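Asks: Input: one structure, supplied below.
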Amino acid sequence: MDLKALKKQESKRKISKGYMWAFFCALFWGLWYLPGTAIWVLNPFDEMSSAIAKTSGDNVSLVVTAVLITAFNALAVMLALMIWNGVLGKYGELVRTLKEFKPCSKWFFLASIFGGPMAVFGSFIAMGFIGGAFSAVAGLLYPVIGSIIAYYWYGEKISKRAAIGIGVIVLGGISIYGGGLLTELSSGNAGNVQWIGYLGGLMAAAGWGIEGAIAGKGLDIAEPDAGLTLRFLGETIIWWVIAIPILAIIGFPMYSFAIQAFEPLTLLILVFAGITFGYCYVTWYKSFPLIGVGRGQGIGNLYGFCAVIFIFLFFGDVPAWTILVGGTLCILGSFIMFTEDASALETLRGE
């Protein structure tokens, strides 16, 4: 077998592996919306929301509660990833990656800003204000943002087929947001539209898209498992060292309710969230160097389909028809993106 044939065979193997990681990402990501939805009705988060609402209003109470939930989610993922790196024997690689700040680890700490306070926090806000199904589908616009940023920033190719897929995803986003808002406004609920929930959905889409592009830059150099752990280290620091102390100083009972979270059922749900979200990120980051940011995000977009099914099976929630139509269009657009000819993936970056 000549060198050209071997190179082509290796390329096909790499692409197949990238697809596999991205499909696992969709599965774990969809599962994450189960604990993410359930945690809102468990102690102490339900009591926290009610207590703050009495003095600061419902909107403020839900946002502050979302901060504590997101902080615990980040901590649970961080612990799951530390165990994962320990099993793989990658603590040494983790330390080496952390030390190389300028060429490498700075990208993962930057990704933590967009992935945590923007994307994950926005997703929890959407869950709290509107519901888990909407939150899952609302973030499906993120491959559009990630693909465009990757294209303009470091020249990752967008084929004609991928561009068509992006267009279909945008139409899906119009249905999810525009359709939902029009339905609420036309029904006479203009004064009760959950604007903060819709904003949370947009934060999730924008944050994950930007994070994917930034992480793709860092993964040019770093090993995915180590880079990902640093990303969640950054997010954990943001919540527990910066955000929660500031809110506590302002007067919100952050620490008293945080201590109450250490009860069996709540901890079990948080562990479930840490495992599903942690390994969803593991597979997401592993797909980027193999098939590119845009395609990795496109396939990962199937999480919306998985999440809606899981939420229906476990909670019986049926989303509005505009959300179903929009989600279907987003998934169709992702399918168009990742079913392009494998030869288009042999070179991910422009020459």
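Following the order of the structure tokens, first chain is A, next is B, and so on, with residues numbered from 1 inside each chain and ligands from 1 in the order they appear.
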Tell me, as a PyMOL selection string, which residues lie within 6 Å of region 198-210 of chain A, counting only C-alpha atoms; anything in the same chain fewer than 3 positions away does not count.
Replies: chain A and resi 114-115+118-119+122-123+125-126+135+138-139+141-143+145-146+195+213
Asks: Produce a file of the selected residues containing N, CA and C atoms, as a PDB file, in the first residue's frame.
Replies:
```
ATOM      1  N   PHE A 114     -16.955  31.947  28.671  1.00  0.00           N
ATOM      2  CA  PHE A 114     -18.103  31.856  27.776  1.00  0.00           C
ATOM      3  C   PHE A 114     -18.915  30.582  28.018  1.00  0.00           C
ATOM      4  N   GLY A 115     -18.244  29.502  28.408  1.00  0.00           N
ATOM      5  CA  GLY A 115     -18.946  28.248  28.637  1.00  0.00           C
ATOM      6  C   GLY A 115     -19.681  28.191  29.958  1.00  0.00           C
ATOM      7  N   MET A 118     -21.821  32.267  30.835  1.00  0.00           N
ATOM      8  CA  MET A 118     -22.675  32.599  29.696  1.00  0.00           C
ATOM      9  C   MET A 118     -23.534  31.412  29.275  1.00  0.00           C
ATOM     10  N   ALA A 119     -22.921  30.302  28.882  1.00  0.00           N
ATOM     11  CA  ALA A 119     -23.671  29.185  28.302  1.00  0.00           C
ATOM     12  C   ALA A 119     -24.407  28.337  29.349  1.00  0.00           C
ATOM     13  N   GLY A 122     -26.804  30.435  31.363  1.00  0.00           N
ATOM     14  CA  GLY A 122     -27.954  30.775  30.530  1.00  0.00           C
ATOM     15  C   GLY A 122     -28.892  29.603  30.353  1.00  0.00           C
ATOM     16  N   SER A 123     -28.332  28.408  30.231  1.00  0.00           N
ATOM     17  CA  SER A 123     -29.153  27.215  30.078  1.00  0.00           C
ATOM     18  C   SER A 123     -29.972  26.945  31.338  1.00  0.00           C
ATOM     19  N   ILE A 125     -30.894  29.217  33.508  1.00  0.00           N
ATOM     20  CA  ILE A 125     -31.906  30.277  33.562  1.00  0.00           C
ATOM     21  C   ILE A 125     -33.100  29.906  32.689  1.00  0.00           C
ATOM     22  N   ALA A 126     -32.818  29.401  31.478  1.00  0.00           N
ATOM     23  CA  ALA A 126     -33.899  28.989  30.584  1.00  0.00           C
ATOM     24  C   ALA A 126     -34.715  27.858  31.210  1.00  0.00           C
ATOM     25  N   SER A 135     -35.071  24.890  27.144  1.00  0.00           N
ATOM     26  CA  SER A 135     -33.659  25.140  27.373  1.00  0.00           C
ATOM     27  C   SER A 135     -32.789  24.279  26.464  1.00  0.00           C
ATOM     28  N   ALA A 138     -33.312  25.518  22.801  1.00  0.00           N
ATOM     29  CA  ALA A 138     -32.895  26.910  22.591  1.00  0.00           C
ATOM     30  C   ALA A 138     -31.421  27.038  22.250  1.00  0.00           C
ATOM     31  N   GLY A 139     -30.599  26.123  22.761  1.00  0.00           N
ATOM     32  CA  GLY A 139     -29.160  26.203  22.510  1.00  0.00           C
ATOM     33  C   GLY A 139     -28.730  25.626  21.181  1.00  0.00           C
ATOM     34  N   LEU A 141     -28.782  26.668  18.293  1.00  0.00           N
ATOM     35  CA  LEU A 141     -28.190  27.613  17.342  1.00  0.00           C
ATOM     36  C   LEU A 141     -26.666  27.684  17.456  1.00  0.00           C
ATOM     37  N   TYR A 142     -26.094  27.051  18.486  1.00  0.00           N
ATOM     38  CA  TYR A 142     -24.678  27.280  18.767  1.00  0.00           C
ATOM     39  C   TYR A 142     -23.718  26.843  17.656  1.00  0.00           C
ATOM     40  N   PRO A 143     -24.017  25.804  16.825  1.00  0.00           N
ATOM     41  CA  PRO A 143     -23.070  25.468  15.764  1.00  0.00           C
ATOM     42  C   PRO A 143     -22.905  26.571  14.723  1.00  0.00           C
ATOM     43  N   ILE A 145     -22.853  29.830  15.319  1.00  0.00           N
ATOM     44  CA  ILE A 145     -21.904  30.793  15.891  1.00  0.00           C
ATOM     45  C   ILE A 145     -20.500  30.211  15.906  1.00  0.00           C
ATOM     46  N   GLY A 146     -20.380  28.951  16.344  1.00  0.00           N
ATOM     47  CA  GLY A 146     -19.060  28.316  16.406  1.00  0.00           C
ATOM     48  C   GLY A 146     -18.416  28.182  15.034  1.00  0.00           C
ATOM     49  N   TRP A 195     -39.088  36.943  29.404  1.00  0.00           N
ATOM     50  CA  TRP A 195     -37.977  37.448  28.602  1.00  0.00           C
ATOM     51  C   TRP A 195     -36.631  36.941  29.102  1.00  0.00           C
ATOM     52  N   ALA A 213     -15.256  27.506  19.526  1.00  0.00           N
ATOM     53  CA  ALA A 213     -14.224  28.094  18.671  1.00  0.00           C
ATOM     54  C   ALA A 213     -12.945  28.359  19.455  1.00  0.00           C
TER      55      ALA A 213
END
```
Asks: Counting only C-alpha atoms, which residues of region 61-156 of chain A fall within 8 Å of region 317-334 of chain A, and what is the closest atom pair for each with its distance in Å at one decimal, ordered by chain and rising number, as a tab-separated table?
Replies:
```
residue	atom	partner	partner_atom	distance
A:Ala133	CA	A:Pro319	CA	6.1
A:Phe134	CA	A:Ile323	CA	6.8
A:Val137	CA	A:Gly327	CA	5.7
A:Leu140	CA	A:Cys330	CA	6.3
A:Leu141	CA	A:Cys330	CA	7.2
```
Asks: Pull C-alpha atoms from the residues just selected and write them as a tab-separated table (two decimals), in the first residue's frame.
Replies:
```
chain	number	residue	atom	x	y	z
A	133	ALA	CA	-37.34	21.15	26.90
A	134	PHE	CA	-37.10	24.79	25.81
A	137	VAL	CA	-33.76	23.22	22.11
A	140	LEU	CA	-29.32	24.45	19.14
A	141	LEU	CA	-28.19	27.61	17.34
```
Asks: Let me make sure I understand: among A:Leu81, A:Leu171, A:Gly132, A:Ile52, which one has the smallest atom-to-atom distance to Phe310 (chain A) if we use only C-alpha atoms?
Replies: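 Of A:Leu81, A:Leu171, A:Gly132, A:Ile52, the one nearest Phe310 (chain A), counting only C-alpha atoms, is A:Gly132.
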Asks: For Phe23 (chain A), which residue among A:Phe335, A:Gly300, A:Leu230, A:Leu265 is the nearest when counting only C-alpha atoms?
Replies: A:Gly300
Asks: Quick check, in Å to one decimal: how far apart do CA of Leu34 (chain A) and CA of Ala76 (chain A) lie?
Replies: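 CA of Ala76 (chain A) lies 15.1 Å from CA of Leu34 (chain A).
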Asks: Using only C-alpha atoms for the distances, tell me which of A:Lys90, A:Lys99, A:Lys160, A:Arg295 is nearest to Ala22 (chain A).
Replies: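 Checking each candidate against Ala22 (chain A), we get A:Arg295 as the closest.
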Asks: Please list as a PDB file with all heavy atoms, in the first residue's frame every residue within 10 Å of Val63 (chain A), counting only C-alpha atoms and excluding residues in the same chain fewer than 2 positions away.
Replies:
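Below is the file that was written, out-v5.pdb:
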```
ATOM      1  N   SER A  49     -35.171  29.645  46.297  1.00  0.00           N
ATOM      2  CA  SER A  49     -35.922  30.472  45.355  1.00  0.00           C
ATOM      3  C   SER A  49     -37.111  31.141  46.037  1.00  0.00           C
ATOM      4  O   SER A  49     -37.366  32.338  45.853  1.00  0.00           O
ATOM      5  CB  SER A  49     -36.402  29.619  44.177  1.00  0.00           C
ATOM      6  OG  SER A  49     -37.104  30.394  43.239  1.00  0.00           O
ATOM      7  N   ASP A  58     -39.623  37.384  42.146  1.00  0.00           N
ATOM      8  CA  ASP A  58     -39.433  36.071  41.522  1.00  0.00           C
ATOM      9  C   ASP A  58     -38.260  36.038  40.553  1.00  0.00           C
ATOM     10  O   ASP A  58     -37.491  35.072  40.521  1.00  0.00           O
ATOM     11  CB  ASP A  58     -40.710  35.655  40.787  1.00  0.00           C
ATOM     12  CG  ASP A  58     -41.852  35.342  41.747  1.00  0.00           C
ATOM     13  OD1 ASP A  58     -41.562  34.995  42.902  1.00  0.00           O
ATOM     14  OD2 ASP A  58     -43.018  35.452  41.335  1.00  0.00           O
ATOM     15  N   ASN A  59     -38.119  37.070  39.724  1.00  0.00           N
ATOM     16  CA  ASN A  59     -37.059  37.070  38.721  1.00  0.00           C
ATOM     17  C   ASN A  59     -35.678  37.019  39.354  1.00  0.00           C
ATOM     18  O   ASN A  59     -34.814  36.225  38.953  1.00  0.00           O
ATOM     19  CB  ASN A  59     -37.173  38.305  37.819  1.00  0.00           C
ATOM     20  CG  ASN A  59     -38.358  38.229  36.880  1.00  0.00           C
ATOM     21  OD1 ASN A  59     -38.974  37.168  36.717  1.00  0.00           O
ATOM     22  ND2 ASN A  59     -38.702  39.346  36.257  1.00  0.00           N
ATOM     23  N   VAL A  60     -35.465  37.864  40.358  1.00  0.00           N
ATOM     24  CA  VAL A  60     -34.162  37.886  41.041  1.00  0.00           C
ATOM     25  C   VAL A  60     -33.908  36.553  41.735  1.00  0.00           C
ATOM     26  O   VAL A  60     -32.797  36.013  41.694  1.00  0.00           O
ATOM     27  CB  VAL A  60     -34.108  39.042  42.063  1.00  0.00           C
ATOM     28  CG1 VAL A  60     -32.826  38.960  42.900  1.00  0.00           C
ATOM     29  CG2 VAL A  60     -34.172  40.382  41.353  1.00  0.00           C
ATOM     30  N   SER A  61     -34.944  35.987  42.348  1.00  0.00           N
ATOM     31  CA  SER A  61     -34.768  34.729  43.084  1.00  0.00           C
ATOM     32  C   SER A  61     -34.346  33.599  42.159  1.00  0.00           C
ATOM     33  O   SER A  61     -33.465  32.800  42.496  1.00  0.00           O
ATOM     34  CB  SER A  61     -36.058  34.358  43.811  1.00  0.00           C
ATOM     35  OG  SER A  61     -37.069  33.971  42.909  1.00  0.00           O
ATOM     36  N   THR A  65     -30.706  31.777  42.346  1.00  0.00           N
ATOM     37  CA  THR A  65     -30.720  30.322  42.537  1.00  0.00           C
ATOM     38  C   THR A  65     -29.978  29.622  41.409  1.00  0.00           C
ATOM     39  O   THR A  65     -29.254  28.645  41.630  1.00  0.00           O
ATOM     40  CB  THR A  65     -32.164  29.801  42.623  1.00  0.00           C
ATOM     41  OG1 THR A  65     -32.855  30.488  43.672  1.00  0.00           O
ATOM     42  CG2 THR A  65     -32.191  28.305  42.906  1.00  0.00           C
ATOM     43  N   ALA A  66     -30.136  30.143  40.183  1.00  0.00           N
ATOM     44  CA  ALA A  66     -29.430  29.570  39.034  1.00  0.00           C
ATOM     45  C   ALA A  66     -27.917  29.683  39.197  1.00  0.00           C
ATOM     46  O   ALA A  66     -27.165  28.813  38.752  1.00  0.00           O
ATOM     47  CB  ALA A  66     -29.867  30.257  37.743  1.00  0.00           C
ATOM     48  N   VAL A  67     -27.468  30.752  39.846  1.00  0.00           N
ATOM     49  CA  VAL A  67     -26.030  30.918  40.106  1.00  0.00           C
ATOM     50  C   VAL A  67     -25.521  29.778  40.980  1.00  0.00           C
ATOM     51  O   VAL A  67     -24.488  29.147  40.681  1.00  0.00           O
ATOM     52  CB  VAL A  67     -25.745  32.276  40.788  1.00  0.00           C
ATOM     53  CG1 VAL A  67     -24.295  32.325  41.295  1.00  0.00           C
ATOM     54  CG2 VAL A  67     -25.983  33.423  39.821  1.00  0.00           C
ATOM     55  N   LEU A  68     -26.241  29.480  42.085  1.00  0.00           N
ATOM     56  CA  LEU A  68     -25.792  28.420  42.991  1.00  0.00           C
ATOM     57  C   LEU A  68     -25.872  27.052  42.331  1.00  0.00           C
ATOM     58  O   LEU A  68     -24.972  26.215  42.498  1.00  0.00           O
ATOM     59  CB  LEU A  68     -26.628  28.446  44.274  1.00  0.00           C
ATOM     60  CG  LEU A  68     -26.129  27.535  45.395  1.00  0.00           C
ATOM     61  CD1 LEU A  68     -24.705  27.908  45.818  1.00  0.00           C
ATOM     62  CD2 LEU A  68     -27.058  27.592  46.612  1.00  0.00           C
ATOM     63  N   ILE A  69     -26.922  26.806  41.546  1.00  0.00           N
ATOM     64  CA  ILE A  69     -27.048  25.531  40.841  1.00  0.00           C
ATOM     65  C   ILE A  69     -25.903  25.359  39.846  1.00  0.00           C
ATOM     66  O   ILE A  69     -25.278  24.294  39.762  1.00  0.00           O
ATOM     67  CB  ILE A  69     -28.404  25.442  40.118  1.00  0.00           C
ATOM     68  CG1 ILE A  69     -29.542  25.312  41.136  1.00  0.00           C
ATOM     69  CG2 ILE A  69     -28.432  24.250  39.159  1.00  0.00           C
ATOM     70  CD1 ILE A  69     -30.923  25.356  40.517  1.00  0.00           C
ATOM     71  N   PHE A 121     -24.852  28.825  32.598  1.00  0.00           N
ATOM     72  CA  PHE A 121     -25.718  29.679  33.413  1.00  0.00           C
ATOM     73  C   PHE A 121     -26.984  30.060  32.632  1.00  0.00           C
ATOM     74  O   PHE A 121     -28.100  30.004  33.157  1.00  0.00           O
ATOM     75  CB  PHE A 121     -24.945  30.925  33.832  1.00  0.00           C
ATOM     76  CG  PHE A 121     -25.726  31.888  34.688  1.00  0.00           C
ATOM     77  CD1 PHE A 121     -26.373  31.457  35.833  1.00  0.00           C
ATOM     78  CD2 PHE A 121     -25.805  33.234  34.344  1.00  0.00           C
ATOM     79  CE1 PHE A 121     -27.090  32.353  36.633  1.00  0.00           C
ATOM     80  CE2 PHE A 121     -26.515  34.126  35.132  1.00  0.00           C
ATOM     81  CZ  PHE A 121     -27.160  33.686  36.274  1.00  0.00           C
ATOM     82  N   GLY A 122     -26.804  30.435  31.363  1.00  0.00           N
ATOM     83  CA  GLY A 122     -27.954  30.775  30.530  1.00  0.00           C
ATOM     84  C   GLY A 122     -28.892  29.603  30.353  1.00  0.00           C
ATOM     85  O   GLY A 122     -30.122  29.759  30.353  1.00  0.00           O
ATOM     86  N   PHE A 124     -29.360  27.110  32.507  1.00  0.00           N
ATOM     87  CA  PHE A 124     -30.099  26.920  33.761  1.00  0.00           C
ATOM     88  C   PHE A 124     -31.177  27.998  33.944  1.00  0.00           C
ATOM     89  O   PHE A 124     -32.258  27.728  34.473  1.00  0.00           O
ATOM     90  CB  PHE A 124     -29.147  26.915  34.961  1.00  0.00           C
ATOM     91  CG  PHE A 124     -28.542  25.572  35.246  1.00  0.00           C
ATOM     92  CD1 PHE A 124     -27.176  25.362  35.155  1.00  0.00           C
ATOM     93  CD2 PHE A 124     -29.346  24.496  35.608  1.00  0.00           C
ATOM     94  CE1 PHE A 124     -26.616  24.117  35.417  1.00  0.00           C
ATOM     95  CE2 PHE A 124     -28.802  23.244  35.877  1.00  0.00           C
ATOM     96  CZ  PHE A 124     -27.434  23.056  35.770  1.00  0.00           C
ATOM     97  N   ILE A 125     -30.894  29.217  33.508  1.00  0.00           N
ATOM     98  CA  ILE A 125     -31.906  30.277  33.562  1.00  0.00           C
ATOM     99  C   ILE A 125     -33.100  29.906  32.689  1.00  0.00           C
ATOM    100  O   ILE A 125     -34.261  30.069  33.087  1.00  0.00           O
ATOM    101  CB  ILE A 125     -31.307  31.626  33.114  1.00  0.00           C
ATOM    102  CG1 ILE A 125     -30.385  32.175  34.201  1.00  0.00           C
ATOM    103  CG2 ILE A 125     -32.407  32.642  32.796  1.00  0.00           C
ATOM    104  CD1 ILE A 125     -29.692  33.466  33.813  1.00  0.00           C
ATOM    105  N   ALA A 126     -32.818  29.401  31.478  1.00  0.00           N
ATOM    106  CA  ALA A 126     -33.899  28.989  30.584  1.00  0.00           C
ATOM    107  C   ALA A 126     -34.715  27.858  31.210  1.00  0.00           C
ATOM    108  O   ALA A 126     -35.945  27.817  31.086  1.00  0.00           O
ATOM    109  CB  ALA A 126     -33.330  28.554  29.238  1.00  0.00           C
ATOM    110  N   GLY A 128     -35.118  27.320  34.474  1.00  0.00           N
ATOM    111  CA  GLY A 128     -35.864  27.848  35.598  1.00  0.00           C
ATOM    112  C   GLY A 128     -37.056  28.689  35.204  1.00  0.00           C
ATOM    113  O   GLY A 128     -38.116  28.624  35.830  1.00  0.00           O
ATOM    114  N   PHE A 129     -36.914  29.489  34.147  1.00  0.00           N
ATOM    115  CA  PHE A 129     -37.975  30.407  33.751  1.00  0.00           C
ATOM    116  C   PHE A 129     -38.995  29.786  32.799  1.00  0.00           C
ATOM    117  O   PHE A 129     -40.182  30.122  32.847  1.00  0.00           O
ATOM    118  CB  PHE A 129     -37.377  31.655  33.093  1.00  0.00           C
ATOM    119  CG  PHE A 129     -36.898  32.683  34.070  1.00  0.00           C
ATOM    120  CD1 PHE A 129     -35.617  32.613  34.595  1.00  0.00           C
ATOM    121  CD2 PHE A 129     -37.717  33.719  34.473  1.00  0.00           C
ATOM    122  CE1 PHE A 129     -35.160  33.556  35.497  1.00  0.00           C
ATOM    123  CE2 PHE A 129     -37.276  34.670  35.384  1.00  0.00           C
ATOM    124  CZ  PHE A 129     -35.998  34.590  35.902  1.00  0.00           C
ATOM    125  N   ILE A 196     -36.484  36.830  30.415  1.00  0.00           N
ATOM    126  CA  ILE A 196     -35.198  36.374  30.958  1.00  0.00           C
ATOM    127  C   ILE A 196     -34.923  34.931  30.534  1.00  0.00           C
ATOM    128  O   ILE A 196     -33.781  34.552  30.267  1.00  0.00           O
ATOM    129  CB  ILE A 196     -35.188  36.508  32.492  1.00  0.00           C
ATOM    130  CG1 ILE A 196     -35.368  37.976  32.894  1.00  0.00           C
ATOM    131  CG2 ILE A 196     -33.881  35.964  33.072  1.00  0.00           C
ATOM    132  CD1 ILE A 196     -35.411  38.220  34.388  1.00  0.00           C
ATOM    133  N   GLY A 197     -35.965  34.104  30.433  1.00  0.00           N
ATOM    134  CA  GLY A 197     -35.792  32.730  29.963  1.00  0.00           C
ATOM    135  C   GLY A 197     -35.326  32.679  28.528  1.00  0.00           C
ATOM    136  O   GLY A 197     -34.434  31.899  28.170  1.00  0.00           O
ATOM    137  N   GLY A 200     -31.786  33.700  28.442  1.00  0.00           N
ATOM    138  CA  GLY A 200     -30.942  32.585  28.871  1.00  0.00           C
ATOM    139  C   GLY A 200     -30.669  31.604  27.740  1.00  0.00           C
ATOM    140  O   GLY A 200     -29.537  31.120  27.575  1.00  0.00           O
TER     141      GLY A 200
END
```
Asks: Residues of region 152-283 of chain A in alpha helix (DSSP H) according to DSSP, as number ranges by chain?
Replies: A: 152-154, 160-173, 180-186, 195-218, 224-237, 244-250, 254-260, 264-283
Asks: Looking at only C-alpha atoms, which of A:Ile336, A:Met127, A:Val271, A:Met254 is the one that sits closest to Ile166 (chain A)?
Replies: A:Ile336
Asks: Of the candidates A:Asn85, A:Ser105, A:Met20, A:Met78, which one gets nearest to Ala222 (chain A) if we count only C-alpha atoms?
Replies: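 Closest residue, counting only C-alpha atoms: A:Ser105.
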Asks: Under the rule of at most 9 Å, produce a per-residue listing of region 93-124 of chain A near region 235-246 of chain A: chain, number, name, the closest pair of atoms, and the distance in Å, as JSON lines, using only C-alpha atoms.
Replies:
```
{"residue": "A:Phe109", "atom": "CA", "partner": "A:Glu235", "partner_atom": "CA", "distance": 7.8}
{"residue": "A:Ala111", "atom": "CA", "partner": "A:Glu235", "partner_atom": "CA", "distance": 8.9}
{"residue": "A:Ser112", "atom": "CA", "partner": "A:Glu235", "partner_atom": "CA", "distance": 5.1}
{"residue": "A:Ile113", "atom": "CA", "partner": "A:Glu235", "partner_atom": "CA", "distance": 6.6}
{"residue": "A:Gly115", "atom": "CA", "partner": "A:Glu235", "partner_atom": "CA", "distance": 7.9}
{"residue": "A:Gly116", "atom": "CA", "partner": "A:Glu235", "partner_atom": "CA", "distance": 5.6}
{"residue": "A:Pro117", "atom": "CA", "partner": "A:Glu235", "partner_atom": "CA", "distance": 7.7}
```
Asks: Selected residues, C-alpha atoms, written as a tab-separated table (two decimals), in the first residue's frame, please.
Replies:
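Written out: selection-v5.tsv:
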```
chain	number	residue	atom	x	y	z
A	109	PHE	CA	-9.58	29.67	30.88
A	111	ALA	CA	-13.41	29.25	27.16
A	112	SER	CA	-14.55	28.83	30.77
A	113	ILE	CA	-15.86	32.42	30.79
A	115	GLY	CA	-18.95	28.25	28.64
A	116	GLY	CA	-19.80	28.85	32.30
A	117	PRO	CA	-21.24	32.29	33.19
```
Asks: Give the answer as one residue: which of A:Leu31, A:Leu88, A:Ile214, A:Ile309 has the shortest atom-to-atom distance to Trp153 (chain A), using only C-alpha atoms?
Replies: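 Distance minimum relative to Trp153 (chain A) lands on A:Ile214.
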Asks: Could you list, as a list in words, every residue within 8 Å of Leu27 (chain A), counting only C-alpha atoms and ignoring same-chain residues fewer than 2 positions away?
Replies: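 Within the cut-off, the hits are Phe23, Phe24, Cys25, Trp29, Gly30, Leu31, Cys280, Leu302, Tyr303 and Cys306 of chain A.
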Asks: Near Phe262 (chain A), counting only C-alpha atoms, which residues have an atom at most 10 Å away, once you skip same-chain residues fewer than 5 positions from it, shown as an mmCIF file with N, CA and C atoms, in the first residue's frame?
Replies:
```cif
data_model
loop_
_atom_site.group_PDB
_atom_site.id
_atom_site.type_symbol
_atom_site.label_atom_id
_atom_site.label_comp_id
_atom_site.auth_asym_id
_atom_site.auth_seq_id
_atom_site.Cartn_x
_atom_site.Cartn_y
_atom_site.Cartn_z
ATOM 1 N N ASN A 43 -34.524 20.282 47.559
ATOM 2 C CA ASN A 43 -33.926 21.127 48.589
ATOM 3 C C ASN A 43 -32.420 21.157 48.399
ATOM 4 N N PRO A 44 -31.771 22.312 48.605
ATOM 5 C CA PRO A 44 -32.345 23.550 49.137
ATOM 6 C C PRO A 44 -32.764 24.552 48.058
ATOM 7 N N PHE A 257 -27.491 28.221 52.133
ATOM 8 C CA PHE A 257 -28.188 27.276 51.257
ATOM 9 C C PHE A 257 -27.207 26.297 50.601
ATOM 10 N N LEU A 267 -27.340 15.394 46.468
ATOM 11 C CA LEU A 267 -25.983 15.014 46.060
ATOM 12 C C LEU A 267 -26.003 13.985 44.931
ATOM 13 N N LEU A 268 -26.954 13.046 44.993
ATOM 14 C CA LEU A 268 -27.072 12.035 43.949
ATOM 15 C C LEU A 268 -27.374 12.684 42.599
ATOM 16 N N LEU A 270 -26.726 15.787 41.760
ATOM 17 C CA LEU A 270 -25.546 16.560 41.354
ATOM 18 C C LEU A 270 -24.452 15.665 40.784
#
```
Asks: So that I can see what lies close to Ala51 (chain A), please list as a list in words the residues with an atom at most 10 Å from it, counting only C-alpha atoms and leaving out residues fewer than 5 positions away in the same chain.
Replies: Phe45, Asp46, Ser56, Gly57, Asp58, Ser61, Phe252 and Pro253 of chain A
Asks: Any chance you can output those residues with C-alpha atoms as a PDB file, in the first residue's frame?
Replies:
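The result, written out as part.pdb:
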```
ATOM      1  CA  PHE A  45     -32.827  25.148  45.718  1.00  0.00           C
ATOM      2  CA  ASP A  46     -36.638  25.215  45.822  1.00  0.00           C
ATOM      3  CA  SER A  56     -36.365  40.508  45.960  1.00  0.00           C
ATOM      4  CA  GLY A  57     -39.057  39.204  43.599  1.00  0.00           C
ATOM      5  CA  ASP A  58     -39.433  36.071  41.522  1.00  0.00           C
ATOM      6  CA  SER A  61     -34.768  34.729  43.084  1.00  0.00           C
ATOM      7  CA  PHE A 252     -28.067  36.849  49.515  1.00  0.00           C
ATOM      8  CA  PRO A 253     -27.918  33.658  51.675  1.00  0.00           C
TER       9      PRO A 253
END
```
